[in-house]
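I have placed the structure first, in the form of structure tokens, so that the comments after it can refer back to it.
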Amino acid sequence: MSQLVRVRFTLNGKPVSVKVPPMKRLLDVLREDCRVTGTKEGCGEGECGACTVLMAGDPVNACLVPAVQAEGARIVTVEGLAKNGRLSALQTAFVELGGAQCGMCTPGMLVTSAALLARTKGRVPGDEEVREALSGTLCRCTGYQKIVEAVQAAAAPASPKHRAKPRPAKKKKVAAKARPAASKAARRPARKTVRKPAPAKKKAARR
Ligand code: FES
Ligand code: FES
């Protein structure tokens with residue numbers, strides 16, 4: 001049995017101290033020793049990104065990080081994105097826009113996206129930028145487009161450019177002023193004045 005070492009780090013804002021074999025994978029330390037199981041294992045060899053967590057704000061594959069390397073680090077898993085039991089805007093966007101299906105890649109996608117949005121600071125990243133940031137995390141279900149849209153939607157409320165413009169107040173319909181009823185005489189069609197032909201002048205009878 002290998003020697004155990006004490007490793008202390010911050011996990012989702014809380015201090016953690018575990019005694020583990022120095023080369024135990026961070027992924028296993030999180031799931032087995034810390035009982036924080038949101039982070040998933042896919043390939044186990046650094047290819048799929050399902051196990052991604054944030055270490056000092058950067059995405060890392062927890063299946064490749066030995067426990068000793070986490071000493072003193074700030075680790076954030078998918079559980080750390082929610083605050084006071086409420087999903088973050090990013091998590092909500094994934095749910096509402098179909099960015100998650102089977103959920104295998106979702107914890108890795110979410111933390112990686114959170115790191116991207118922390119870098120863009122309210123600017124909505126373009127399609128290519130999101131795809132590039134998420135290129136290390138594979139998804140077999142969504143086709144990626146919905147994930148891209150969810151990330152952009154989560155960034156949008158913070159961006160003045162994408163903030164929904166307040167709708168102008170609806171104009172009240174002003175009731176047309178009732179015209180005063182036309183007098184009877186006014187309603188009558190104008191009468192044509194027909195001139196009677198003047199009677200022909202009688203010729204004075206010759207006497
Ligand atoms: S499980 Fe770590 S990269 Fe696939
Ligand atoms: S939602 Fe299934 S692998 Fe991404």
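By convention in this document, the chains of the structure tokens carry letters A, B, ... by their order, each chain's residues are numbered from 1, and ligands are numbered from 1 in the order they are shown.
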Non-local contacts of Leu64 of chain A (10 Å; only C-alpha atoms; under 2 positions in same chain excluded) as a PyMOL selection string: chain A and resi 23-27+44-46+51-52+60-62+66-67
Got a sec to check which residues lie within 7 Å of ligand 2, using only C-alpha atoms and all ligand atoms, and send them as a PyMOL selection string? chain A and resi 100-106+138-142
Selection to disk with C-alpha atoms, as a PDB file, in the first residue's frame:
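Just written: out-v3.pdb:
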```
ATOM      1  CA  ALA A 100     -27.785  18.944 -22.000  1.00  0.00           C
ATOM      2  CA  GLN A 101     -29.189  15.596 -23.051  1.00  0.00           C
ATOM      3  CA  CYS A 102     -27.712  12.424 -21.539  1.00  0.00           C
ATOM      4  CA  GLY A 103     -25.676  14.681 -19.225  1.00  0.00           C
ATOM      5  CA  MET A 104     -22.407  12.767 -19.465  1.00  0.00           C
ATOM      6  CA  CYS A 105     -20.455  15.706 -20.862  1.00  0.00           C
ATOM      7  CA  THR A 106     -22.504  18.391 -19.123  1.00  0.00           C
ATOM      8  CA  LEU A 138     -16.758  15.893 -26.415  1.00  0.00           C
ATOM      9  CA  CYS A 139     -20.509  15.567 -26.654  1.00  0.00           C
ATOM     10  CA  ARG A 140     -22.181  12.696 -28.426  1.00  0.00           C
ATOM     11  CA  CYS A 141     -25.736  13.959 -28.088  1.00  0.00           C
ATOM     12  CA  THR A 142     -26.394  17.625 -28.753  1.00  0.00           C
TER      13      THR A 142
END
```
Out of A:Met109, A:Ala114, A:Val5, A:Val95, which residue has the shortest atom-to-atom distance to ligand 1 when counting only C-alpha atoms and all ligand atoms? A:Met109
Can you list, as JSON, numbers by chain, every protein, DNA or RNA residue that comes within 10 Å of Asp127 of chain A when you count only C-alpha atoms, leaving out same-chain residues fewer than 4 positions away? {"A": [131, 132, 145, 148, 149, 151, 152]}
Save the residues we just selected, C-alpha atoms, as a PDB file, in the first residue's frame?
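Contents of selection.pdb, freshly written:
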```
ATOM      1  CA  ARG A 131     -16.467  26.032 -30.033  1.00  0.00           C
ATOM      2  CA  GLU A 132     -12.743  26.588 -29.630  1.00  0.00           C
ATOM      3  CA  GLN A 145     -25.036  24.076 -31.587  1.00  0.00           C
ATOM      4  CA  VAL A 148     -23.032  27.184 -28.119  1.00  0.00           C
ATOM      5  CA  GLU A 149     -26.390  28.969 -28.008  1.00  0.00           C
ATOM      6  CA  VAL A 151     -23.339  29.733 -23.525  1.00  0.00           C
ATOM      7  CA  GLN A 152     -24.107  32.840 -25.578  1.00  0.00           C
TER       8      GLN A 152
END
```
Given only C-alpha atoms, how would the per-residue table for segment 53-103 of chain A near segment 17-22 of chain A read, listing every residue at most 12 Å away with its closest atom pair and distance in Å to one decimal, sorted by chain and number, as JSON lines?
```
{"residue": "A:Val65", "atom": "CA", "partner": "A:Pro22", "partner_atom": "CA", "distance": 10.4}
{"residue": "A:Pro66", "atom": "CA", "partner": "A:Pro22", "partner_atom": "CA", "distance": 6.6}
{"residue": "A:Ala67", "atom": "CA", "partner": "A:Pro22", "partner_atom": "CA", "distance": 5.6}
{"residue": "A:Val68", "atom": "CA", "partner": "A:Pro22", "partner_atom": "CA", "distance": 5.2}
{"residue": "A:Gln69", "atom": "CA", "partner": "A:Pro22", "partner_atom": "CA", "distance": 8.5}
{"residue": "A:Ala70", "atom": "CA", "partner": "A:Pro22", "partner_atom": "CA", "distance": 10.0}
{"residue": "A:Glu71", "atom": "CA", "partner": "A:Ser17", "partner_atom": "CA", "distance": 9.3}
{"residue": "A:Gly72", "atom": "CA", "partner": "A:Ser17", "partner_atom": "CA", "distance": 10.0}
{"residue": "A:Ala73", "atom": "CA", "partner": "A:Ser17", "partner_atom": "CA", "distance": 11.6}
```
Write a file of the just-selected residues containing C-alpha atoms, as a JSON list (two decimals), in the first residue's frame.
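Result written to result.json:
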```json
[["chain", "number", "residue", "atom", "x", "y", "z"],
["A", 65, "VAL", "CA", -4.19, 15.41, -12.25],
["A", 66, "PRO", "CA", -2.50, 13.61, -9.33],
["A", 67, "ALA", "CA", -3.86, 14.51, -5.91],
["A", 68, "VAL", "CA", -0.62, 16.14, -4.75],
["A", 69, "GLN", "CA", -0.91, 18.67, -7.54],
["A", 70, "ALA", "CA", -4.14, 19.95, -5.99],
["A", 71, "GLU", "CA", -2.32, 21.01, -2.81],
["A", 72, "GLY", "CA", -3.34, 24.61, -2.06],
["A", 73, "ALA", "CA", -5.38, 24.85, -5.25]]
```
Residue with smallest distance to Ala118 of chain A - pool A:Thr137, A:Leu54, A:Thr92, A:Ala82, counting only C-alpha atoms: A:Leu54
DSSP-assigned helix (DSSP H, G or I) members of segment 20-146 of chain A, reported as a PyMOL selection string: chain A and resi 26-33+67-70+78-81+89-96+106-120+127-133+145-146
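Minimum atom-to-atom distances from A:Cys63, A:Val53, A:Ala154, A:Val76 to Pro125 of chain A were compared using only C-alpha atoms, and the lowest value belongs to A:Ala154.
Among A:Val130, A:Leu4, A:Cys48, A:Leu30, the residue with the shortest atom-to-atom distance to ligand 1, counting only C-alpha atoms and all ligand atoms, is A:Cys48.
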Hey, what does DSSP flag as strand (DSSP E) within segment 6-111 of chain A? Can you give it to me as a PDB file with N, CA and C atoms, in the first residue's frame?
```pdb
ATOM      1  N   ARG A   6      -1.165  14.118   3.117  1.00  0.00           N
ATOM      2  CA  ARG A   6      -2.254  15.061   3.417  1.00  0.00           C
ATOM      3  C   ARG A   6      -2.293  16.096   2.280  1.00  0.00           C
ATOM      4  N   VAL A   7      -3.466  16.288   1.716  1.00  0.00           N
ATOM      5  CA  VAL A   7      -3.635  17.295   0.652  1.00  0.00           C
ATOM      6  C   VAL A   7      -4.759  18.233   1.072  1.00  0.00           C
ATOM      7  N   ARG A   8      -4.436  19.499   1.042  1.00  0.00           N
ATOM      8  CA  ARG A   8      -5.450  20.504   1.405  1.00  0.00           C
ATOM      9  C   ARG A   8      -5.708  21.390   0.194  1.00  0.00           C
ATOM     10  N   PHE A   9      -6.963  21.644  -0.045  1.00  0.00           N
ATOM     11  CA  PHE A   9      -7.323  22.556  -1.142  1.00  0.00           C
ATOM     12  C   PHE A   9      -8.703  23.130  -0.868  1.00  0.00           C
ATOM     13  N   THR A  10      -9.088  24.047  -1.704  1.00  0.00           N
ATOM     14  CA  THR A  10     -10.428  24.639  -1.563  1.00  0.00           C
ATOM     15  C   THR A  10     -11.320  24.011  -2.619  1.00  0.00           C
ATOM     16  N   LEU A  11     -12.437  23.469  -2.186  1.00  0.00           N
ATOM     17  CA  LEU A  11     -13.366  22.840  -3.121  1.00  0.00           C
ATOM     18  C   LEU A  11     -14.687  23.602  -3.096  1.00  0.00           C
ATOM     19  N   LYS A  14     -15.013  25.883  -0.209  1.00  0.00           N
ATOM     20  CA  LYS A  14     -14.839  25.385   1.162  1.00  0.00           C
ATOM     21  C   LYS A  14     -13.493  24.682   1.302  1.00  0.00           C
ATOM     22  N   PRO A  15     -12.831  24.863   2.445  1.00  0.00           N
ATOM     23  CA  PRO A  15     -11.544  24.184   2.625  1.00  0.00           C
ATOM     24  C   PRO A  15     -11.736  22.686   2.811  1.00  0.00           C
ATOM     25  N   VAL A  16     -10.852  21.914   2.195  1.00  0.00           N
ATOM     26  CA  VAL A  16     -10.940  20.456   2.236  1.00  0.00           C
ATOM     27  C   VAL A  16      -9.568  19.924   2.611  1.00  0.00           C
ATOM     28  N   SER A  17      -9.565  18.853   3.408  1.00  0.00           N
ATOM     29  CA  SER A  17      -8.300  18.210   3.759  1.00  0.00           C
ATOM     30  C   SER A  17      -8.510  16.697   3.665  1.00  0.00           C
ATOM     31  N   VAL A  18      -7.695  16.041   2.826  1.00  0.00           N
ATOM     32  CA  VAL A  18      -7.859  14.591   2.644  1.00  0.00           C
ATOM     33  C   VAL A  18      -6.495  13.920   2.763  1.00  0.00           C
ATOM     34  N   LYS A  19      -6.516  12.659   3.202  1.00  0.00           N
ATOM     35  CA  LYS A  19      -5.284  11.884   3.268  1.00  0.00           C
ATOM     36  C   LYS A  19      -5.396  10.809   2.206  1.00  0.00           C
ATOM     37  N   VAL A  20      -4.572  10.922   1.185  1.00  0.00           N
ATOM     38  CA  VAL A  20      -4.731  10.046   0.015  1.00  0.00           C
ATOM     39  C   VAL A  20      -3.357   9.650  -0.541  1.00  0.00           C
ATOM     40  N   THR A  52     -13.712  17.333 -16.580  1.00  0.00           N
ATOM     41  CA  THR A  52     -13.112  18.671 -16.417  1.00  0.00           C
ATOM     42  C   THR A  52     -13.587  19.376 -15.146  1.00  0.00           C
ATOM     43  N   VAL A  53     -12.645  19.940 -14.435  1.00  0.00           N
ATOM     44  CA  VAL A  53     -12.936  20.814 -13.290  1.00  0.00           C
ATOM     45  C   VAL A  53     -12.064  22.059 -13.465  1.00  0.00           C
ATOM     46  N   LEU A  54     -12.356  23.078 -12.690  1.00  0.00           N
ATOM     47  CA  LEU A  54     -11.517  24.281 -12.760  1.00  0.00           C
ATOM     48  C   LEU A  54     -10.483  24.242 -11.647  1.00  0.00           C
ATOM     49  N   MET A  55      -9.260  24.503 -12.013  1.00  0.00           N
ATOM     50  CA  MET A  55      -8.179  24.587 -11.038  1.00  0.00           C
ATOM     51  C   MET A  55      -7.581  25.982 -11.201  1.00  0.00           C
ATOM     52  N   ASP A  58      -8.810  27.645 -14.313  1.00  0.00           N
ATOM     53  CA  ASP A  58      -8.569  27.052 -15.635  1.00  0.00           C
ATOM     54  C   ASP A  58      -9.101  25.621 -15.707  1.00  0.00           C
ATOM     55  N   PRO A  59      -9.681  25.250 -16.860  1.00  0.00           N
ATOM     56  CA  PRO A  59     -10.177  23.871 -16.999  1.00  0.00           C
ATOM     57  C   PRO A  59      -9.011  22.875 -17.034  1.00  0.00           C
ATOM     58  N   VAL A  60      -9.142  21.788 -16.266  1.00  0.00           N
ATOM     59  CA  VAL A  60      -8.142  20.710 -16.307  1.00  0.00           C
ATOM     60  C   VAL A  60      -8.897  19.375 -16.320  1.00  0.00           C
ATOM     61  N   ASN A  61      -8.263  18.369 -16.882  1.00  0.00           N
ATOM     62  CA  ASN A  61      -8.840  17.020 -16.854  1.00  0.00           C
ATOM     63  C   ASN A  61      -8.495  16.377 -15.516  1.00  0.00           C
ATOM     64  N   ARG A  74      -7.385  26.019  -5.825  1.00  0.00           N
ATOM     65  CA  ARG A  74      -8.806  26.363  -5.746  1.00  0.00           C
ATOM     66  C   ARG A  74      -9.502  25.542  -6.824  1.00  0.00           C
ATOM     67  N   ILE A  75     -10.298  24.564  -6.387  1.00  0.00           N
ATOM     68  CA  ILE A  75     -10.970  23.661  -7.337  1.00  0.00           C
ATOM     69  C   ILE A  75     -12.453  23.998  -7.373  1.00  0.00           C
ATOM     70  N   VAL A  76     -12.964  24.063  -8.572  1.00  0.00           N
ATOM     71  CA  VAL A  76     -14.418  24.270  -8.743  1.00  0.00           C
ATOM     72  C   VAL A  76     -14.957  23.152  -9.611  1.00  0.00           C
TER      73      VAL A  76
END
```
